[in-house]
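Dropping data-v4.cif in here (mmCIF, C-alpha atoms and all ligand atoms):
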```cif
data_run
loop_
_atom_site.label_atom_id
_atom_site.label_comp_id
_atom_site.auth_asym_id
_atom_site.auth_seq_id
_atom_site.Cartn_x
_atom_site.Cartn_y
_atom_site.Cartn_z
CA MET A 1 139.62 172.31 -60.34
CA ILE A 2 140.05 173.03 -64.04
CA LYS A 3 136.88 174.58 -65.47
CA ILE A 4 136.08 173.38 -68.99
CA LEU A 5 133.28 174.39 -71.36
CA ILE A 6 132.26 171.89 -74.07
CA THR A 7 130.34 173.18 -77.10
CA GLY A 8 128.44 170.83 -79.42
CA GLY A 9 128.28 168.52 -76.40
CA ASP A 10 125.40 166.38 -77.72
CA GLY A 11 127.36 165.23 -80.81
CA GLN A 12 129.65 162.21 -81.18
CA LEU A 13 132.81 163.73 -79.75
CA GLY A 14 130.89 165.69 -77.10
CA SER A 15 129.28 162.44 -75.90
CA ALA A 16 132.68 160.69 -75.87
CA LEU A 17 134.10 163.55 -73.77
CA ASN A 18 131.24 163.05 -71.34
CA VAL A 19 132.21 159.39 -70.90
CA ALA A 20 135.98 160.07 -70.72
CA ALA A 21 135.40 162.81 -68.11
CA LYS A 22 134.80 160.13 -65.47
CA GLU A 23 138.55 159.36 -65.55
CA PHE A 24 139.49 162.97 -64.73
CA ALA A 25 138.35 163.90 -61.23
CA ASN A 26 139.97 167.35 -61.25
CA PHE A 27 137.77 168.70 -64.08
CA ASP A 28 134.67 170.82 -63.63
CA LEU A 29 132.86 170.36 -66.95
CA VAL A 30 129.95 172.27 -68.44
CA PHE A 31 128.39 170.59 -71.50
CA THR A 32 126.38 172.77 -73.89
CA ASP A 33 124.84 172.40 -77.33
CA VAL A 34 123.21 174.74 -79.82
CA ALA A 35 120.05 175.31 -77.73
CA ASP A 36 121.96 176.84 -74.80
CA PHE A 37 125.23 177.93 -76.43
CA ASP A 38 125.07 178.79 -80.14
CA ILE A 39 128.64 179.41 -81.33
CA THR A 40 127.40 181.61 -84.21
CA LYS A 41 126.03 184.28 -81.82
CA ALA A 42 129.05 186.50 -81.10
CA GLU A 43 127.53 188.57 -78.30
CA SER A 44 126.13 185.70 -76.29
CA VAL A 45 129.37 183.71 -76.77
CA ASP A 46 131.32 186.64 -75.33
CA ASP A 47 128.86 187.09 -72.47
CA TYR A 48 128.89 183.37 -71.56
CA LEU A 49 132.68 183.28 -71.42
CA LYS A 50 132.87 186.53 -69.47
CA LYS A 51 130.57 185.16 -66.77
CA GLY A 52 131.80 181.55 -66.81
CA HIS A 53 135.52 182.03 -65.99
CA PHE A 54 136.46 178.89 -67.94
CA ASP A 55 140.07 177.70 -68.19
CA PHE A 56 139.43 175.74 -71.41
CA LEU A 57 136.80 175.57 -74.14
CA VAL A 58 136.66 172.41 -76.27
CA ASN A 59 134.75 173.18 -79.46
CA CYS A 60 132.97 170.07 -80.75
CA ALA A 61 130.23 172.15 -82.40
CA ALA A 62 130.25 171.93 -86.18
CA TYR A 63 128.27 171.55 -89.38
CA THR A 64 129.25 167.97 -90.26
CA ALA A 65 126.88 167.04 -93.12
CA VAL A 66 129.64 166.80 -95.75
CA ASP A 67 127.41 166.24 -98.80
CA LYS A 68 124.64 168.62 -97.73
CA ALA A 69 127.23 171.38 -97.31
CA GLU A 70 127.72 171.49 -101.09
CA GLU A 71 124.27 173.14 -101.35
CA ASP A 72 124.21 174.71 -97.92
CA GLN A 73 127.38 176.80 -98.13
CA ASP A 74 126.19 179.75 -96.06
CA LEU A 75 125.19 177.66 -93.07
CA ALA A 76 128.35 175.52 -93.30
CA PHE A 77 130.53 178.65 -93.26
CA LEU A 78 128.45 180.28 -90.51
CA ILE A 79 128.91 177.32 -88.16
CA ASN A 80 132.38 176.12 -89.22
CA ALA A 81 134.08 179.48 -89.84
CA LYS A 82 132.17 182.31 -88.12
CA GLY A 83 131.51 180.11 -85.04
CA PRO A 84 135.21 179.37 -84.41
CA GLU A 85 136.00 183.05 -85.04
CA ASN A 86 133.55 184.05 -82.29
CA LEU A 87 135.06 181.49 -79.94
CA ALA A 88 138.63 182.53 -80.77
CA LYS A 89 137.90 186.20 -80.02
CA ALA A 90 135.99 185.52 -76.81
CA CYS A 91 138.59 183.03 -75.54
CA GLN A 92 141.38 185.51 -76.25
CA LYS A 93 139.52 188.25 -74.37
CA HIS A 94 138.56 186.15 -71.35
CA ALA A 95 141.80 184.14 -70.88
CA CYS A 96 140.31 180.79 -71.81
CA GLN A 97 142.31 178.30 -73.90
CA LEU A 98 140.45 177.16 -76.99
CA ILE A 99 140.78 173.57 -78.24
CA HIS A 100 139.13 173.34 -81.64
CA ILE A 101 138.48 170.23 -83.74
CA SER A 102 139.19 170.27 -87.46
CA THR A 103 139.43 167.67 -90.19
CA ASP A 104 141.58 165.75 -92.69
CA TYR A 105 139.21 167.15 -95.37
CA VAL A 106 141.29 170.37 -95.41
CA PHE A 107 143.69 168.38 -97.66
CA ASP A 108 143.04 167.48 -101.29
CA GLY A 109 144.27 163.91 -100.84
CA THR A 110 146.93 163.89 -103.57
CA ASN A 111 149.75 163.00 -101.14
CA HIS A 112 151.42 159.60 -100.94
CA ILE A 113 152.93 160.08 -97.49
CA PRO A 114 151.05 160.96 -94.28
CA TYR A 115 150.14 164.64 -93.99
CA THR A 116 152.06 166.73 -91.46
CA GLU A 117 150.59 169.89 -89.98
CA SER A 118 152.72 172.17 -92.17
CA MET A 119 151.74 170.59 -95.49
CA GLU A 120 149.71 172.59 -97.94
CA THR A 121 145.93 172.55 -97.54
CA ASN A 122 143.60 172.57 -100.54
CA PRO A 123 140.10 171.37 -99.62
CA PRO A 124 138.04 170.18 -102.60
CA SER A 125 134.69 170.16 -100.71
CA VAL A 126 132.63 173.02 -99.25
CA TYR A 127 132.76 171.27 -95.87
CA GLY A 128 136.58 171.16 -96.01
CA GLN A 129 136.72 174.81 -97.17
CA SER A 130 134.48 175.91 -94.30
CA LYS A 131 136.58 173.98 -91.76
CA LEU A 132 139.80 175.50 -93.17
CA ALA A 133 138.23 178.97 -92.92
CA GLY A 134 137.53 178.14 -89.24
CA GLU A 135 141.18 177.25 -88.68
CA LYS A 136 142.31 180.50 -90.32
CA ALA A 137 139.88 182.55 -88.21
CA ILE A 138 141.36 181.01 -85.06
CA LEU A 139 144.95 181.60 -86.18
CA GLU A 140 144.09 185.26 -86.88
CA ASN A 141 142.15 185.95 -83.69
CA ASN A 142 143.77 183.87 -80.96
CA ASP A 143 147.42 183.41 -80.06
CA SER A 144 147.25 180.41 -77.72
CA SER A 145 144.72 177.90 -79.00
CA ILE A 146 145.03 174.30 -80.15
CA ILE A 147 143.59 173.07 -83.44
CA LEU A 148 143.24 169.28 -83.61
CA ARG A 149 142.68 167.82 -87.06
CA THR A 150 141.18 164.37 -86.99
CA SER A 151 139.80 161.85 -89.52
CA TRP A 152 137.07 159.21 -89.98
CA LEU A 153 135.55 159.78 -86.53
CA TYR A 154 133.33 157.02 -85.18
CA SER A 155 131.91 156.00 -81.83
CA GLU A 156 129.04 154.28 -80.08
CA PHE A 157 127.14 157.61 -80.36
CA GLY A 158 125.30 159.32 -83.22
CA ASN A 159 125.61 158.35 -86.87
CA ASN A 160 128.88 157.18 -88.33
CA PHE A 161 130.40 154.61 -90.71
CA LEU A 162 130.61 151.87 -88.07
CA LYS A 163 126.95 152.20 -87.08
CA THR A 164 125.87 152.29 -90.74
CA MET A 165 127.88 149.14 -91.50
CA LEU A 166 126.42 147.32 -88.48
CA LYS A 167 122.89 148.21 -89.55
CA LEU A 168 123.30 147.40 -93.25
CA GLY A 169 125.45 144.35 -92.52
CA ALA A 170 122.60 142.85 -90.50
CA GLU A 171 120.05 143.56 -93.26
CA ARG A 172 121.92 142.66 -96.46
CA GLU A 173 123.93 139.80 -97.94
CA GLU A 174 126.35 142.07 -99.78
CA LEU A 175 127.66 145.63 -99.49
CA ARG A 176 129.80 147.58 -101.96
CA VAL A 177 132.43 149.69 -100.18
CA ILE A 178 135.05 152.06 -101.58
CA PHE A 179 138.64 150.78 -101.51
CA ASP A 180 140.43 153.72 -103.17
CA GLN A 181 140.08 156.16 -100.29
CA ILE A 182 142.85 155.61 -97.79
CA GLY A 183 143.01 157.02 -94.27
CA THR A 184 142.80 156.11 -90.61
CA PRO A 185 139.72 155.78 -88.42
CA THR A 186 139.58 157.68 -85.14
CA TYR A 187 137.66 156.29 -82.19
CA ALA A 188 136.07 159.33 -80.52
CA GLY A 189 136.81 157.83 -77.08
CA ASP A 190 140.56 157.88 -77.83
CA LEU A 191 140.40 161.46 -79.08
CA ALA A 192 138.38 162.52 -76.03
CA ARG A 193 140.89 160.97 -73.60
CA SER A 194 143.78 162.62 -75.46
CA ILE A 195 142.07 166.02 -75.32
CA PHE A 196 141.77 165.68 -71.55
CA LYS A 197 145.40 164.55 -71.24
CA ILE A 198 146.44 167.65 -73.21
CA ILE A 199 144.42 169.83 -70.83
CA GLU A 200 145.86 168.04 -67.80
CA SER A 201 149.44 168.50 -69.06
CA ASN A 202 148.91 172.28 -69.00
CA LYS A 203 151.76 172.69 -71.51
CA LYS A 204 151.72 176.07 -73.27
CA SER A 205 153.58 176.60 -76.53
CA GLY A 206 153.02 180.36 -76.53
CA LYS A 207 151.21 180.36 -79.88
CA THR A 208 148.32 178.73 -81.67
CA GLU A 209 149.35 175.23 -82.78
CA ILE A 210 147.83 172.72 -85.20
CA TYR A 211 148.10 168.99 -84.37
CA HIS A 212 147.00 165.82 -86.17
CA PHE A 213 145.23 162.99 -84.37
CA SER A 214 143.80 159.65 -85.51
CA ASN A 215 144.27 156.06 -84.42
CA GLU A 216 147.42 154.22 -85.56
CA GLY A 217 147.49 152.33 -88.86
CA VAL A 218 146.40 152.92 -92.46
CA ILE A 219 143.39 151.36 -94.23
CA SER A 220 140.67 151.89 -96.84
CA TRP A 221 136.93 152.10 -96.11
CA TYR A 222 136.74 148.60 -97.63
CA ASP A 223 139.21 147.21 -95.07
CA PHE A 224 137.33 148.98 -92.29
CA ALA A 225 134.01 147.45 -93.41
CA LYS A 226 135.58 143.96 -93.75
CA GLU A 227 136.91 144.12 -90.19
CA ILE A 228 133.61 145.42 -88.81
CA MET A 229 131.74 142.45 -90.34
CA GLU A 230 134.37 140.02 -89.07
CA LEU A 231 134.44 141.35 -85.51
CA ALA A 232 130.66 141.76 -85.28
CA GLY A 233 130.12 138.24 -86.64
CA LEU A 234 127.98 139.48 -89.52
CA ASN A 235 127.65 137.31 -92.57
CA CYS A 236 127.66 140.12 -95.15
CA ARG A 237 130.02 140.03 -98.14
CA ILE A 238 131.99 143.25 -98.63
CA VAL A 239 132.76 144.03 -102.26
CA PRO A 240 135.50 146.55 -103.09
CA ILE A 241 134.50 149.33 -105.48
CA GLU A 242 136.13 152.53 -106.78
CA SER A 243 134.97 156.03 -105.79
CA PHE A 244 133.48 156.68 -109.24
CA GLN A 245 131.14 153.72 -108.71
CA TYR A 246 129.60 155.43 -105.67
CA PRO A 247 129.25 159.11 -106.67
CA LEU A 248 128.53 161.57 -103.86
CA PRO A 249 127.88 165.35 -104.03
CA ALA A 250 131.08 166.26 -102.14
CA PRO A 251 134.50 165.15 -103.42
CA ARG A 252 136.53 163.14 -100.87
CA PRO A 253 140.34 163.03 -100.57
CA HIS A 254 141.75 159.75 -101.95
CA TYR A 255 144.51 159.78 -99.35
CA SER A 256 144.15 161.53 -96.01
CA VAL A 257 146.44 159.70 -93.62
CA LEU A 258 147.56 162.08 -90.87
CA ASN A 259 151.09 162.10 -89.45
CA LYS A 260 150.72 162.19 -85.65
CA SER A 261 154.37 162.61 -84.63
CA LYS A 262 153.90 166.18 -83.41
CA ILE A 263 151.05 165.50 -80.98
CA LYS A 264 152.63 162.27 -79.73
CA SER A 265 155.96 163.91 -78.91
CA SER A 266 154.50 167.18 -77.61
CA TYR A 267 152.11 165.52 -75.15
CA GLU A 268 153.72 162.08 -74.68
CA LEU A 269 150.59 160.35 -75.99
CA THR A 270 150.34 156.68 -76.83
CA ILE A 271 147.66 156.21 -79.47
CA PRO A 272 145.87 152.85 -79.89
CA TYR A 273 145.96 150.84 -83.13
CA TRP A 274 142.69 151.26 -85.10
CA LYS A 275 141.69 147.59 -84.82
CA ASP A 276 142.08 147.55 -81.02
CA SER A 277 139.89 150.63 -80.70
CA LEU A 278 137.31 149.18 -83.07
CA LYS A 279 137.08 146.07 -80.87
CA TRP A 280 136.65 148.28 -77.82
CA CYS A 281 133.91 150.37 -79.46
CA LEU A 282 132.03 147.26 -80.64
CA LYS A 283 132.09 145.99 -77.06
CA GLU A 284 130.69 149.32 -75.85
CA ILE A 285 127.87 149.04 -78.40
CA GLN A 286 127.13 145.43 -77.45
CA ASP A 287 127.11 146.26 -73.70
CA LYS A 288 124.69 149.18 -74.18
N1 LIG B 301 132.46 162.92 -88.03
C1 LIG B 301 133.63 162.77 -88.67
O1 LIG B 301 133.87 161.78 -89.39
C2 LIG B 301 134.70 163.81 -88.50
C3 LIG B 301 135.93 163.63 -89.15
C4 LIG B 301 136.92 164.59 -88.98
C5 LIG B 301 136.68 165.70 -88.18
N2 LIG B 301 135.48 165.86 -87.58
C6 LIG B 301 135.25 167.06 -86.74
O2 LIG B 301 135.12 166.61 -85.40
C7 LIG B 301 134.26 167.50 -84.68
C8 LIG B 301 133.21 166.71 -83.94
O3 LIG B 301 132.46 165.97 -84.91
P1 LIG B 301 131.20 165.09 -84.48
O4 LIG B 301 131.18 163.91 -85.39
O5 LIG B 301 131.20 164.91 -83.01
O6 LIG B 301 130.03 166.07 -84.91
P2 LIG B 301 128.47 165.93 -84.63
O7 LIG B 301 128.16 164.61 -84.05
O8 LIG B 301 127.77 166.38 -85.86
O9 LIG B 301 128.25 167.01 -83.47
C9 LIG B 301 128.27 168.39 -83.70
C10 LIG B 301 127.39 169.03 -82.67
O10 LIG B 301 127.43 170.45 -82.86
C11 LIG B 301 126.10 170.94 -82.74
N3 LIG B 301 125.96 172.23 -83.37
C12 LIG B 301 125.62 172.51 -84.66
N4 LIG B 301 125.57 173.83 -84.84
C13 LIG B 301 125.88 174.42 -83.66
C14 LIG B 301 125.97 175.76 -83.21
N5 LIG B 301 125.73 176.79 -84.03
N6 LIG B 301 126.32 175.99 -81.92
C15 LIG B 301 126.55 174.97 -81.08
N7 LIG B 301 126.46 173.66 -81.43
C16 LIG B 301 126.14 173.40 -82.71
C17 LIG B 301 125.28 169.86 -83.39
O11 LIG B 301 123.91 170.01 -83.08
P3 LIG B 301 122.82 169.51 -84.17
O12 LIG B 301 123.01 168.03 -84.29
O13 LIG B 301 121.53 169.91 -83.53
O14 LIG B 301 123.13 170.24 -85.44
C18 LIG B 301 125.92 168.60 -82.80
O15 LIG B 301 125.38 168.30 -81.54
C19 LIG B 301 133.73 168.49 -85.71
O16 LIG B 301 134.49 169.65 -85.66
C20 LIG B 301 133.97 167.80 -87.04
O17 LIG B 301 134.13 168.73 -88.09
C21 LIG B 301 134.48 164.94 -87.71
#
```

Starting from the file, give its structure as structure tokens.
Amino acid sequence: MIKILITGGDGQLGSALNVAAKEFANFDLVFTDVADFDITKAESVDDYLKKGHFDFLVNCAAYTAVDKAEEDQDLAFLINAKGPENLAKACQKHACQLIHISTDYVFDGTNHIPYTESMETNPPSVYGQSKLAGEKAILENNDSSIILRTSWLYSEFGNNFLKTMLKLGAEREELRVIFDQIGTPTYAGDLARSIFKIIESNKKSGKTEIYHFSNEGVISWYDFAKEIMELAGLNCRIVPIESFQYPLPAPRPHYSVLNKSKIKSSYELTIPYWKDSLKWCLKEIQDK
């Protein structure tokens, strides 16, 4: 059995890992969240890993309130930078491989071609800065971990763009959605399954590696909203607007498409097209 600790297990990705786990019979999984495993507490993190003898730790714990982070810098950095540092040190000490989740928001979004892992980071938001600080802390304190950057995460769990669109789409005749931010959605179920396939492959590169993961395809939030309404059979008109027409506290990258060649070739992954995964997720929501 492969013993795996999940942190932030009650969140979107943690919940998706819980579902995906059913396909992997050789995993012994322990799901935790902040009440029983607070990643910001260095001593208890070390103690838990010392006693637990885990082979892998998948860190889904994070401060994810992107706009709130602009005013809540200390807490964002504590959870997104100090937390991963604690995990990196404890995993290094207790021979546990760390798989950490990061974000497309580490980029400033000025690119016109999909971002590769080696391209320059320059996060404009506090959230992105705190996540980048987390990546750096891992690179400095652990020599065999995996950092997975992902984008536009959604699922049948928690709060996300899909669930907001379904709710508002049922209540309103018209919604204004930004068309000048381009990226790729990521269905948390696809990411969860890929994380487990990576664990199952047991491939070691001998150093800490960064990988990009999202679904296949490229769209704007406007296109995403249009397709959600269409597939969900909601009669709500989606109107394209520019970012300046919907001001938010935290700046967003205009372009954050991730190049996934590295993860696909390293782990022989086939990643679903975004529309196929959206259909799947909508079915999961309807069947609930
Ligand atoms: N959501 C997106 O669109 C998106 C996009 C790109 C990358 N990501 C990254 O993907 C990862 C998973 O995101 P998600 O959407 O699943 O996040 P999420 O739903 O917000 O889940 C995060 C979980 O971490 C918990 N947590 C907070 N502080 C903690 C602490 N100190 N110790 C342990 N657990 C703690 C949270 O508990 P509370 O709810 O009680 O705070 C929550 O259960 C994160 O690293 C995020 O940065 C997300």

Counting only C-alpha atoms, note down every residue that has an atom within 12 Å of the point (137.8, 166.5, -62.5) (file coordinates), as an mmCIF file with C-alpha atoms, in the frame of the given file.
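And here is the file that came out, out.cif:
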```cif
data_model
loop_
_atom_site.group_PDB
_atom_site.id
_atom_site.type_symbol
_atom_site.label_atom_id
_atom_site.label_comp_id
_atom_site.auth_asym_id
_atom_site.auth_seq_id
_atom_site.Cartn_x
_atom_site.Cartn_y
_atom_site.Cartn_z
ATOM 1 C CA MET A 1 139.620 172.310 -60.340
ATOM 2 C CA ILE A 2 140.050 173.030 -64.040
ATOM 3 C CA LYS A 3 136.880 174.580 -65.470
ATOM 4 C CA ILE A 4 136.080 173.380 -68.990
ATOM 5 C CA ASN A 18 131.240 163.050 -71.340
ATOM 6 C CA ALA A 20 135.980 160.070 -70.720
ATOM 7 C CA ALA A 21 135.400 162.810 -68.110
ATOM 8 C CA LYS A 22 134.800 160.130 -65.470
ATOM 9 C CA GLU A 23 138.550 159.360 -65.550
ATOM 10 C CA PHE A 24 139.490 162.970 -64.730
ATOM 11 C CA ALA A 25 138.350 163.900 -61.230
ATOM 12 C CA ASN A 26 139.970 167.350 -61.250
ATOM 13 C CA PHE A 27 137.770 168.700 -64.080
ATOM 14 C CA ASP A 28 134.670 170.820 -63.630
ATOM 15 C CA LEU A 29 132.860 170.360 -66.950
ATOM 16 C CA VAL A 30 129.950 172.270 -68.440
ATOM 17 C CA PHE A 196 141.770 165.680 -71.550
ATOM 18 C CA LYS A 197 145.400 164.550 -71.240
ATOM 19 C CA ILE A 199 144.420 169.830 -70.830
ATOM 20 C CA GLU A 200 145.860 168.040 -67.800
#
```

**OP:** Compile the contact shell of A:Ile263 as a list in words: residues with an atom at most 9 Å away, counting all atoms listed in the file, same-chain residues fewer than 6 positions apart removed.
**Re:**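 Answer for this query is Ile210, Tyr211, His212, Phe213 and Leu269 of chain A.
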
Which residues, written as a tab-separated table (two decimals) with C-alpha atoms, in the coordinates of the input, have at least one atom at most 7 Å from stretch 83-98 of chain A, with only C-alpha atoms counted and residues fewer than 5 positions away on the same chain left out?
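This went into selection.tsv:
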```tsv
chain	number	residue	atom	x	y	z
A	39	ILE	CA	128.64	179.41	-81.33
A	40	THR	CA	127.40	181.61	-84.21
A	42	ALA	CA	129.05	186.50	-81.10
A	45	VAL	CA	129.37	183.71	-76.77
A	46	ASP	CA	131.32	186.64	-75.33
A	49	LEU	CA	132.68	183.28	-71.42
A	50	LYS	CA	132.87	186.53	-69.47
A	54	PHE	CA	136.46	178.89	-67.94
A	55	ASP	CA	140.07	177.70	-68.19
A	56	PHE	CA	139.43	175.74	-71.41
A	57	LEU	CA	136.80	175.57	-74.14
A	58	VAL	CA	136.66	172.41	-76.27
A	78	LEU	CA	128.45	180.28	-90.51
A	134	GLY	CA	137.53	178.14	-89.24
A	137	ALA	CA	139.88	182.55	-88.21
A	138	ILE	CA	141.36	181.01	-85.06
A	141	ASN	CA	142.15	185.95	-83.69
A	142	ASN	CA	143.77	183.87	-80.96
A	144	SER	CA	147.25	180.41	-77.72
A	145	SER	CA	144.72	177.90	-79.00
A	146	ILE	CA	145.03	174.30	-80.15
```

Original post:
Looking at only C-alpha atoms and all ligand atoms, which of A:Arg237, A:Lys226, A:Arg252, A:Lys207 is the one that sits closest to ligand LIG 301 (chain B)?
Top reply: A:Arg252

Subject >> Residue among A:Glu156, A:Glu230, A:Glu117, A:Glu216 lying closest to ligand LIG 301 (chain B), counting all atoms listed in the file >> reply: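 Of the candidates, the smallest distance to ligand LIG 301 (chain B) is held by A:Glu156.
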
**OP:** For A:Ile178, please output as a PyMOL selection string all residues within 6 Å (counting only C-alpha atoms; exclusion window: fewer than 4 positions along the same chain).
**Re:** chain A and resi 221-222+240-243

Rebuild N, CA, C and O atoms on stretch 163-175 of chain A, as a PDB file, in the frame of the given file?
```pdb
ATOM      1  N   LYS A 163     128.363 152.487 -87.388  1.00  0.00           N
ATOM      2  CA  LYS A 163     126.950 152.200 -87.080  1.00  0.00           C
ATOM      3  C   LYS A 163     126.175 151.888 -88.363  1.00  0.00           C
ATOM      4  O   LYS A 163     125.300 151.036 -88.370  1.00  0.00           O
ATOM      5  N   THR A 164     126.527 152.572 -89.457  1.00  0.00           N
ATOM      6  CA  THR A 164     125.870 152.290 -90.740  1.00  0.00           C
ATOM      7  C   THR A 164     126.186 150.874 -91.199  1.00  0.00           C
ATOM      8  O   THR A 164     125.315 150.130 -91.644  1.00  0.00           O
ATOM      9  N   MET A 165     127.472 150.489 -91.079  1.00  0.00           N
ATOM     10  CA  MET A 165     127.880 149.140 -91.500  1.00  0.00           C
ATOM     11  C   MET A 165     127.186 148.069 -90.656  1.00  0.00           C
ATOM     12  O   MET A 165     126.761 147.031 -91.170  1.00  0.00           O
ATOM     13  N   LEU A 166     127.070 148.298 -89.349  1.00  0.00           N
ATOM     14  CA  LEU A 166     126.420 147.320 -88.480  1.00  0.00           C
ATOM     15  C   LEU A 166     124.952 147.141 -88.871  1.00  0.00           C
ATOM     16  O   LEU A 166     124.432 146.021 -88.906  1.00  0.00           O
ATOM     17  N   LYS A 167     124.311 148.265 -89.193  1.00  0.00           N
ATOM     18  CA  LYS A 167     122.890 148.210 -89.550  1.00  0.00           C
ATOM     19  C   LYS A 167     122.703 147.508 -90.907  1.00  0.00           C
ATOM     20  O   LYS A 167     121.958 146.534 -91.016  1.00  0.00           O
ATOM     21  N   LEU A 168     123.459 147.977 -91.911  1.00  0.00           N
ATOM     22  CA  LEU A 168     123.300 147.400 -93.250  1.00  0.00           C
ATOM     23  C   LEU A 168     123.806 145.955 -93.302  1.00  0.00           C
ATOM     24  O   LEU A 168     123.247 145.108 -93.994  1.00  0.00           O
ATOM     25  N   GLY A 169     124.871 145.699 -92.555  1.00  0.00           N
ATOM     26  CA  GLY A 169     125.450 144.350 -92.520  1.00  0.00           C
ATOM     27  C   GLY A 169     124.475 143.318 -91.972  1.00  0.00           C
ATOM     28  O   GLY A 169     124.528 142.136 -92.332  1.00  0.00           O
ATOM     29  N   ALA A 170     123.599 143.757 -91.082  1.00  0.00           N
ATOM     30  CA  ALA A 170     122.600 142.850 -90.500  1.00  0.00           C
ATOM     31  C   ALA A 170     121.405 142.651 -91.446  1.00  0.00           C
ATOM     32  O   ALA A 170     120.680 141.671 -91.338  1.00  0.00           O
ATOM     33  N   GLU A 171     121.228 143.603 -92.368  1.00  0.00           N
ATOM     34  CA  GLU A 171     120.050 143.560 -93.260  1.00  0.00           C
ATOM     35  C   GLU A 171     120.355 142.932 -94.627  1.00  0.00           C
ATOM     36  O   GLU A 171     119.476 142.411 -95.275  1.00  0.00           O
ATOM     37  N   ARG A 172     121.600 143.039 -95.072  1.00  0.00           N
ATOM     38  CA  ARG A 172     121.920 142.660 -96.460  1.00  0.00           C
ATOM     39  C   ARG A 172     122.939 141.530 -96.547  1.00  0.00           C
ATOM     40  O   ARG A 172     123.737 141.333 -95.632  1.00  0.00           O
ATOM     41  N   GLU A 173     122.957 140.881 -97.711  1.00  0.00           N
ATOM     42  CA  GLU A 173     123.930 139.800 -97.940  1.00  0.00           C
ATOM     43  C   GLU A 173     125.250 140.347 -98.463  1.00  0.00           C
ATOM     44  O   GLU A 173     126.299 139.749 -98.323  1.00  0.00           O
ATOM     45  N   GLU A 174     125.158 141.521 -99.120  1.00  0.00           N
ATOM     46  CA  GLU A 174     126.350 142.070 -99.780  1.00  0.00           C
ATOM     47  C   GLU A 174     126.343 143.595 -99.701  1.00  0.00           C
ATOM     48  O   GLU A 174     125.291 144.213 -99.813  1.00  0.00           O
ATOM     49  N   LEU A 175     127.526 144.163 -99.499  1.00  0.00           N
ATOM     50  CA  LEU A 175     127.660 145.630 -99.490  1.00  0.00           C
ATOM     51  C   LEU A 175     128.855 146.025-100.340  1.00  0.00           C
ATOM     52  O   LEU A 175     129.911 145.392-100.261  1.00  0.00           O
TER      53      LEU A 175
END
```
